[in-house]
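File shown: target_39.cif (mmCIF, C-alpha atoms).
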```
data_final
loop_
_atom_site.label_atom_id
_atom_site.label_comp_id
_atom_site.auth_asym_id
_atom_site.auth_seq_id
_atom_site.Cartn_x
_atom_site.Cartn_y
_atom_site.Cartn_z
CA MET A 240 0.00 0.00 0.00
CA ALA A 241 1.55 3.30 -1.12
CA PHE A 242 1.54 6.49 0.92
CA SER A 243 -1.22 8.93 0.01
CA LEU A 244 -1.76 12.41 1.42
CA ARG A 245 -5.50 11.96 0.96
CA ARG A 246 -5.61 9.11 3.46
CA VAL A 247 -3.91 11.06 6.25
CA THR A 248 -6.61 11.84 8.83
CA TRP A 249 -7.26 15.27 10.27
CA ARG A 250 -6.01 13.98 13.62
CA GLU A 251 -2.68 12.99 12.12
CA TRP A 252 -2.37 16.37 10.38
CA LEU A 253 -3.04 18.08 13.71
CA GLY A 254 -0.32 15.96 15.35
CA LEU A 255 2.21 17.03 12.74
CA ALA A 256 1.04 20.65 12.88
CA ALA A 257 1.44 20.71 16.67
CA GLY A 258 5.01 19.45 16.34
CA LEU A 259 5.93 21.89 13.59
CA LEU A 260 4.33 24.83 15.41
CA ALA A 261 6.15 23.86 18.61
CA VAL A 262 9.43 23.92 16.67
CA GLY A 263 8.42 27.29 15.25
CA SER A 264 7.83 28.60 18.77
CA THR A 265 11.50 27.98 19.59
CA ALA A 266 12.36 31.13 17.63
CA LEU A 267 10.21 33.20 20.00
CA PRO A 268 11.31 34.33 23.49
CA TRP A 269 11.54 31.36 25.90
CA THR A 270 13.43 32.99 28.77
CA VAL A 271 12.98 36.66 29.64
CA LEU A 272 14.89 38.73 32.16
CA SER A 273 13.04 41.72 33.59
CA ALA A 274 14.18 44.48 35.91
CA ASP A 275 10.77 45.75 37.06
CA THR A 276 11.64 45.61 40.77
CA ALA A 277 15.25 46.68 40.31
CA THR A 278 16.74 50.09 41.03
CA SER A 279 16.77 52.72 38.33
CA ASP A 280 20.51 52.13 37.76
CA VAL A 281 19.90 48.46 37.01
CA ARG A 282 16.95 49.29 34.73
CA ASP A 283 19.15 51.80 32.86
CA ALA A 284 21.90 49.20 32.53
CA PHE A 285 19.30 46.72 31.26
CA ARG A 286 18.34 49.07 28.45
CA THR A 287 21.95 49.14 27.23
CA LEU A 288 22.25 45.34 27.06
CA PRO A 289 21.84 43.59 23.72
CA HIS A 290 18.34 42.16 23.22
CA SER A 291 19.75 38.61 23.05
CA ASP A 292 21.12 38.96 26.61
CA VAL A 293 17.72 39.91 28.02
CA VAL A 294 15.42 37.72 25.89
CA ARG A 295 16.55 34.21 24.95
CA THR A 296 15.06 31.87 22.40
CA ALA A 297 14.91 28.14 23.04
CA TRP A 298 18.05 27.71 20.94
CA ASN A 299 19.99 29.99 23.32
CA SER A 300 18.66 28.24 26.41
CA ASP A 301 19.05 24.63 27.51
CA LEU A 302 18.16 21.13 26.27
CA PHE A 303 14.77 21.31 28.01
CA SER A 304 13.88 24.28 25.83
CA TRP A 305 14.67 23.09 22.30
CA GLY A 306 14.56 19.31 22.84
CA PRO A 307 10.85 18.77 23.57
CA PRO A 308 9.58 20.65 20.50
CA LEU A 309 11.91 18.62 18.29
CA LEU A 310 10.64 15.40 19.90
CA LEU A 311 7.04 16.49 19.29
CA ALA A 312 7.82 17.21 15.62
CA VAL A 313 9.42 13.76 15.17
CA VAL A 314 6.40 12.11 16.79
CA GLY A 315 4.04 14.10 14.54
CA LEU A 316 6.01 13.12 11.45
CA ALA A 317 5.95 9.44 12.46
CA VAL A 318 2.18 9.61 12.98
CA VAL A 319 1.63 11.04 9.50
CA LEU A 320 4.02 8.61 7.79
CA PHE A 321 2.93 5.42 9.58
CA GLY A 322 -0.71 6.29 10.32
CA GLN A 323 -1.85 4.69 7.08
CA VAL A 324 -0.22 1.38 7.89
CA THR A 325 -3.00 -0.71 9.43
CA LYS A 326 -0.56 -2.95 11.25
CA ALA A 327 1.14 0.07 12.86
CA ARG A 328 -2.20 1.53 14.00
CA VAL A 329 -3.35 -1.79 15.42
CA ASN A 330 -0.04 -2.39 17.16
CA GLY A 331 -0.08 0.88 19.07
CA LEU A 332 0.90 3.88 16.94
CA PRO A 333 -1.79 6.06 18.60
CA GLN A 334 -0.56 4.98 22.03
CA LEU A 335 3.03 5.71 21.01
CA TRP A 336 1.87 9.17 19.94
CA LEU A 337 0.31 9.67 23.38
CA VAL A 338 3.48 8.57 25.14
CA GLY A 339 5.58 10.88 22.95
CA GLY A 340 3.23 13.79 23.65
CA LEU A 341 3.21 13.15 27.40
CA THR A 342 7.00 12.84 27.40
CA THR A 343 7.19 16.19 25.63
CA VAL A 344 4.91 17.79 28.22
CA LEU A 345 6.96 16.28 31.06
CA LEU A 346 10.23 17.55 29.58
CA MET A 347 8.70 21.00 29.12
CA VAL A 348 7.55 21.03 32.75
CA ILE A 349 11.07 20.09 33.83
CA GLY A 350 12.40 22.92 31.66
CA TRP A 351 9.92 25.32 33.22
CA THR A 352 10.86 24.37 36.78
CA THR A 353 14.58 24.61 36.01
CA LEU A 354 14.20 27.87 34.10
CA ASP A 355 16.83 29.74 36.07
CA TRP A 356 19.38 26.93 35.75
CA VAL A 357 20.35 28.41 32.39
CA PHE A 358 22.45 30.71 34.56
CA ASP A 359 25.11 29.44 36.96
CA SER A 360 24.75 30.01 40.72
CA ASP A 361 26.91 33.15 40.75
CA GLN A 362 24.88 34.70 37.93
CA ARG A 363 21.59 33.78 39.65
CA ALA A 364 22.79 35.33 42.92
CA PHE A 365 23.86 38.50 41.12
CA LEU A 366 20.58 38.77 39.22
CA ASP A 367 18.58 38.17 42.39
CA ALA A 368 20.56 40.79 44.33
CA ALA A 369 20.03 43.29 41.51
CA GLY A 370 16.26 42.69 41.51
CA VAL A 371 16.22 41.00 38.12
CA SER A 372 13.63 38.27 37.64
CA ILE A 373 13.82 35.31 35.28
CA SER A 374 10.52 34.32 33.69
CA ALA A 375 9.04 32.30 30.85
CA GLY A 376 8.49 33.96 27.50
CA VAL A 377 5.64 33.63 25.04
CA GLY A 378 7.42 30.86 23.10
CA ARG A 379 7.49 28.61 26.17
CA TYR A 380 3.74 29.11 26.68
CA LEU A 381 2.98 28.41 23.02
CA GLY A 382 5.24 25.34 22.95
CA MET A 383 3.43 23.93 25.99
CA ALA A 384 0.04 24.67 24.44
CA PHE A 385 1.01 22.81 21.25
CA ALA A 386 2.31 19.85 23.27
CA VAL A 387 -0.90 19.65 25.32
CA GLY A 388 -2.93 19.98 22.11
CA SER A 389 -1.02 17.07 20.61
CA VAL A 390 -1.78 14.94 23.69
CA VAL A 391 -5.49 15.76 23.42
CA VAL A 392 -5.57 14.83 19.72
CA ALA A 393 -3.62 11.63 20.49
CA ILE A 394 -6.33 10.65 22.98
CA VAL A 395 -8.98 11.31 20.33
CA ASP A 396 -6.97 9.18 17.88
CA ILE A 397 -6.74 6.32 20.39
CA ARG A 398 -10.51 6.38 20.73
CA ALA A 399 -10.88 6.43 16.93
CA ALA A 400 -8.46 3.50 16.57
CA ARG A 401 -10.46 1.56 19.15
CA ALA A 402 -13.67 2.25 17.21
CA GLU A 403 -11.98 1.17 13.96
CA SER A 404 -10.84 -2.05 15.62
CA ARG A 405 -14.34 -2.83 16.90
CA ALA A 406 -15.89 -2.12 13.49
CA SER A 407 -13.43 -4.45 11.73
CA ARG A 408 -14.23 -7.24 14.24
CA ARG A 409 -17.97 -6.83 13.63
CA ARG A 410 -17.46 -7.18 9.88
CA ARG A 411 -15.77 -10.56 10.31
#
```
Please rewrite the model in this file as structure tokens.
Amino acid sequence: MAFSLRRVTWREWLGLAAGLLAVGSTALPWTVLSADTATSDVRDAFRTLPHSDVVRTAWNSDLFSWGPPLLLAVVGLAVVLFGQVTKARVNGLPQLWLVGGLTTVLLMVIGWTTLDWVFDSDQRAFLDAAGVSISAGVGRYLGMAFAVGSVVVAIVDIRAARAESRASRRRR
């Protein structure tokens, strides 16, 4: 059976789209330094810093920033490529998609909780003393939303695969 774009389901397209959009979100700010509570001298110094020192993309952060979106994209690609293979669907491709999506969410949560570990302890102490806060950027929020969306669609696909399996048994 040859691969056909027409036979790819909307769920599989959504899985791939979630992965690709998550990878796209890595170009947006993932880690943001802000000096809202700092003294005016620190805020003035902040304005003179290059933008890349204050706002970091996933690619300028750590493994837990750029790794999960790449994993989600690989999972989405696998779902589109192997979703048409009946044997793969019956043997657990939708469940593998769910595991990949949940793993992505878990890795993103770890990245969120270790957000300030991008900086070493001396840098964190200096930033804290200066009143500089380290927070998540819009890219991190979008990446998490795409990962959670992929998990939801994977659950819908598992239910659809179960219904397909029951229908094929009734036909026999």
*Could you list as an NGL selection string every residue that has an atom within 7 Å of (10.9, 32.0, 31.5), using the file's coordinates and counting only C-alpha atoms?*
:A and (269-271 or 351 or 354 or 373-376)
What does the PyMOL selection byres ((chain A and resi 254) around 8) select in this file, as an mmCIF file with C-alpha atoms, in the coordinates of the input?
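Dumped everything to part_23.cif:
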```cif
data_model
loop_
_atom_site.group_PDB
_atom_site.id
_atom_site.type_symbol
_atom_site.label_atom_id
_atom_site.label_comp_id
_atom_site.auth_asym_id
_atom_site.auth_seq_id
_atom_site.Cartn_x
_atom_site.Cartn_y
_atom_site.Cartn_z
ATOM 1 C CA ARG A 250 -6.010 13.980 13.620
ATOM 2 C CA GLU A 251 -2.680 12.990 12.120
ATOM 3 C CA TRP A 252 -2.370 16.370 10.380
ATOM 4 C CA LEU A 253 -3.040 18.080 13.710
ATOM 5 C CA LEU A 255 2.210 17.030 12.740
ATOM 6 C CA ALA A 256 1.040 20.650 12.880
ATOM 7 C CA ALA A 257 1.440 20.710 16.670
ATOM 8 C CA GLY A 258 5.010 19.450 16.340
ATOM 9 C CA VAL A 314 6.400 12.110 16.790
ATOM 10 C CA GLY A 315 4.040 14.100 14.540
ATOM 11 C CA LEU A 316 6.010 13.120 11.450
ATOM 12 C CA VAL A 318 2.180 9.610 12.980
ATOM 13 C CA VAL A 319 1.630 11.040 9.500
ATOM 14 C CA SER A 389 -1.020 17.070 20.610
ATOM 15 C CA VAL A 392 -5.570 14.830 19.720
ATOM 16 C CA ALA A 393 -3.620 11.630 20.490
#
```
*Spell out the residues picked by the PyMOL selection byres ((chain A and resi 266) around 9) here, as a PyMOL selection string.*
chain A and resi 262-265+267-269+295-298+378
*Contacts of Val391 of chain A at 12 Å (only C-alpha atoms; same-chain gap of 2+ positions) as an MDAnalysis selection string*: chainID A and resid 250:251 253:254 257 333:334 336:338 340:341 344 384:389 393:398
*Would you kindly return, as an NGL selection string, each protein, DNA or RNA residue with an atom no farther than 10 Å from any atom of Arg286 of chain A, considering only C-alpha atoms and excluding same-chain residues fewer than 5 positions away?*
:A and (274 or 281 or 293)
*atom CA of Leu310 of chain A and atom CA of Ser360 of chain A, how far apart in Å?*
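Between atom CA of Ser360 of chain A and atom CA of Leu310 of chain A the gap works out to 29.1 Å.
For the residues A:Gln362, A:Thr248, A:Thr342, A:Asn299, ranking by smallest atom-to-atom distance to Leu320 of chain A using all atoms listed in the file places A:Thr248 first.
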*Take atom CA of Ser291 of chain A and atom CA of Asp355 of chain A and report the distance between them in Å, one decimal.*
16.0 Å
*Suppose you want the space between atom CA of Ala369 of chain A and atom CA of Ser304 of chain A; what is it in Å?*
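We find that atom CA of Ala369 of chain A and atom CA of Ser304 of chain A lie 25.4 Å from each other.
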*asked:* I'd like the neighbourhood of Val371 of chain A as a ChimeraX atom specification, where a residue qualifies if any of its atoms comes within 10 Å (using only C-alpha atoms), though same-chain residues fewer than 5 positions away should be ignored.
replied: /A:272-278,281-282,285,363-366
*Compile the contact shell of Leu332 of chain A as JSON, numbers by chain: residues with an atom at most 8 Å away, counting only C-alpha atoms, same-chain residues fewer than 3 positions apart removed.*
{"A": [318, 321, 322, 327, 328, 329, 335, 336]}
Could you work out an axis-aligned bounding box for all listed atoms of segment 240-257 of chain A, with 6 Å added on each of the six sides, and give its centre and edge lengths in Å to one decimal, as JSON?
```
{"center_x": -2.5, "center_y": 10.4, "center_z": 7.8, "size_x": 21.5, "size_y": 32.7, "size_z": 29.8}
```
_Which residue is closest to Tyr380 of chain A? Choose from A:Glu403, A:Val357, A:Ala317, A:Met347 and count all atoms listed in the file._
A:Met347
